[in-house]
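Take a look at the structure set out below.
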Amino acid sequence: MSELNRYQNPEVFEKLAMAYAAGTLHGRARRRFETLKNEHFYLEATTNAFESKFGNLVELLPSEKPSDRVWKNIESQIQTQDAAQDTKQRGWFGWLKPAYSALAASALAVTIALFLVIAPGTSAPIAYAAVLEDTQNNPIAVTRITPDLSVSIKMVKAIQLADGTVLKLWCHPKNGGKPTEMGVVSHTGETTITISPEEWENMKTVGKLEISADSYGSAQTSKRSILLKGYLSPITEK
Amino acid sequence: MEDPFAELLIRCSEQDQVAFKQLYQQASPKLYSLALRLMQKPELAEDVLQESFIKIWQKADTYNAQKGKALTWMATVTRNKALDKLRSLKLKSKEMDIQYEGLDFASTDLEPDHQEDLSQEMQRLRECLKQLQPSQRECILLSYYYGHTHQELSEKLNKPLGTVKAWIRRGLETLKPCLS
């Protein structure tokens with residue numbers, strides 16, 4: 001079995017992800033796992049889930065006050081970065097200004113301001129990923145959403161489906177509300193669903209993905225049987 | 001919102017520096033404590049804390065409250081920064097004066113003084129850890145808080161390397177279904 005195939009086996013990668021998060025994976029094994037984790041989003045998502053569990057251990061630690069120097073350094077570094085960003089924006093504007101009328105320059109300023117409101121972070125996601133687990137928390141499918149407007153769903157294990165039923169992928173908004181149906185998914189292998197640019201933009205508001213088993217032709221409002229679910233993680237450039 | 005740190009982190013993602021200062025003031029004592037145990041030297045721990053909070057500020061928009069508490073997310077950022085720094089400095093515990101050690105704060109029966117202050121998630125984790133044998137639990141907690149390798153644990157606990165590895169393996173196997 002190749003190294004990559006080993007890491008695609010949930011039995012193997014879950015143990016490694018857990019050891020990594022608990023801090024018991026060391027040396028070359030840790031570095032090898034980190035390399036693969038950065039390349040394969042399902043490893044990253046599984047590791048994040050375990051890190052979230054073990055991270056609670058920080059609550060048991062006694063509080064220790066760092067020196068005031070630390071905050072001063074942080075504040076100064078952040079302000080320097082902000083100033084550099086402002087300069088960069090002014091530079092762009094200055095370069096464009098001669099080419100546009102005053103009206104066009106104003107419109108551009110509004111556009112930049114709007115962009116900053118919509119994308120406040122310095123690192124917009126370059127993709128999204130989720131590991132979908134069954135009710136026993138076994139990883140069954142991995143989903144990847146990329147800017148080429150594709151949603152790929154890869155079944156790590158095939159799902160047994162009753163006759164007359166079909167699998168559907170759903171997106172749940174982070175802040176609650178009705179889920180959106182994304183399309184029909186094959187019970188085995190890989191399925192690719194194409195989304196619209198607007199749906200890609202909306203991915204930043206999605207918190208959870210689910211795969212349900214529905215009867216053929218069932219209405220969106222009918223009760224769905226949820227087989228798999230998982231949280232969507234944004235992937236940003238390191 | 002139940003998690004006050006999560007609310008502050010969301011405001012940080014909107015570049016709110018007031019929220020960031022509040023977040024630092026409230027969360028830094030625990031995160032610094034974690035960095036101190038991993039780095040063993042206050043000046044190194046402060047460097048780690050500084051780098052961690054810069055990353056927290058830059059990556060606040062990637063935090064997803066549905067996937068876990070904000071403090072655990074920040075603890076993971078801090079722990080990974082500390083381990084990266086240890087690796088880059090090629091520091092070995094033998095070369096350092098050990099100032100911080102032991103698990104008194106976690107106590108063998110995992111009954112801290114202020115249980116009521118613990119989150120539900122930590123209480124659940126504590127119940128899972130109680131299922132382990134004391135030796136298994138000690139190895140896993142020392143690995144998490146101090147970043148000890150199997151070899152270092154073997155020397156520290158004066159037990160054969162194979163025994164330490166077996167304790168850790170069995171401990172994680174016991175924890176896995178409980179954590180799921």
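Convention: chains lettered A, B, ... in structure tokens order; per-chain residue numbering from 1; ligands numbered from 1 as shown.
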Problem - Distance filter 7 Å, only C-alpha atoms, chain A against chain B, as a ChimeraX atom specification - result: /A:22-24,26,51-52,55-66,70,74,120-122,137,207,231,234
Practice task
Check the DSSP output for the backbone and give back, as a VMD selection string, the residues of region 4-131 of chain B in alpha helix (DSSP H).
Solution key: chain B and resid 4 to 13 17 to 39 42 to 59 70 to 89 120 to 130
Applying 7 Å and only C-alpha atoms, which residues near Ser225 (chain A) remain after dropping the ones on its own chain fewer than 5 positions away? List them as a PDB file with C-alpha atoms, in the first residue's frame.
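Saved the output as out_9.pdb:
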```pdb
ATOM      1  CA  SER A 212     -29.588  13.185   2.833  1.00  0.00           C
ATOM      2  CA  ALA A 213     -31.370  10.153   1.403  1.00  0.00           C
ATOM      3  CA  ASP A 214     -34.564  11.350  -0.259  1.00  0.00           C
TER       4      ASP A 214
END
```
Handout entry: Residue contacts of Ala141 (chain A) (6 Å, only C-alpha atoms) excluding same-chain residues fewer than 5 positions away, as a list in words
Key =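 Answer for this query is Val131, Leu132, Lys154, Met155 and Val156 of chain A.
From CA of Thr47 (chain A) back to CA of Asn175 (chain A), the distance works out to 24.5 Å.
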Handout entry: Closest of B:Leu161, B:Leu86, B:Leu132, B:Ala19 to Gln40 (chain B) - atom-to-atom distances counting only C-alpha atoms
Key =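 Closest to Gln40 (chain B) of all the choices is B:Leu86.
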Practice task
May I ask for the distance between CA of Trp170 (chain A) and CA of Val185 (chain A), given in Å to one decimal place?
Solution key: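 It comes out at 10.4 Å.
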Exercise for the section: Write out as a list in words which residues come within 9 Å of Trp167 (chain B) when counting only C-alpha atoms, dropping same-chain ones fewer than 4 positions away. Expected result: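 The residues satisfying every condition are Gln133, Ser135, Gln136, Arg137, Cys139, Ile140, Gly162, Thr163, Gly171 and Leu172 of chain B.
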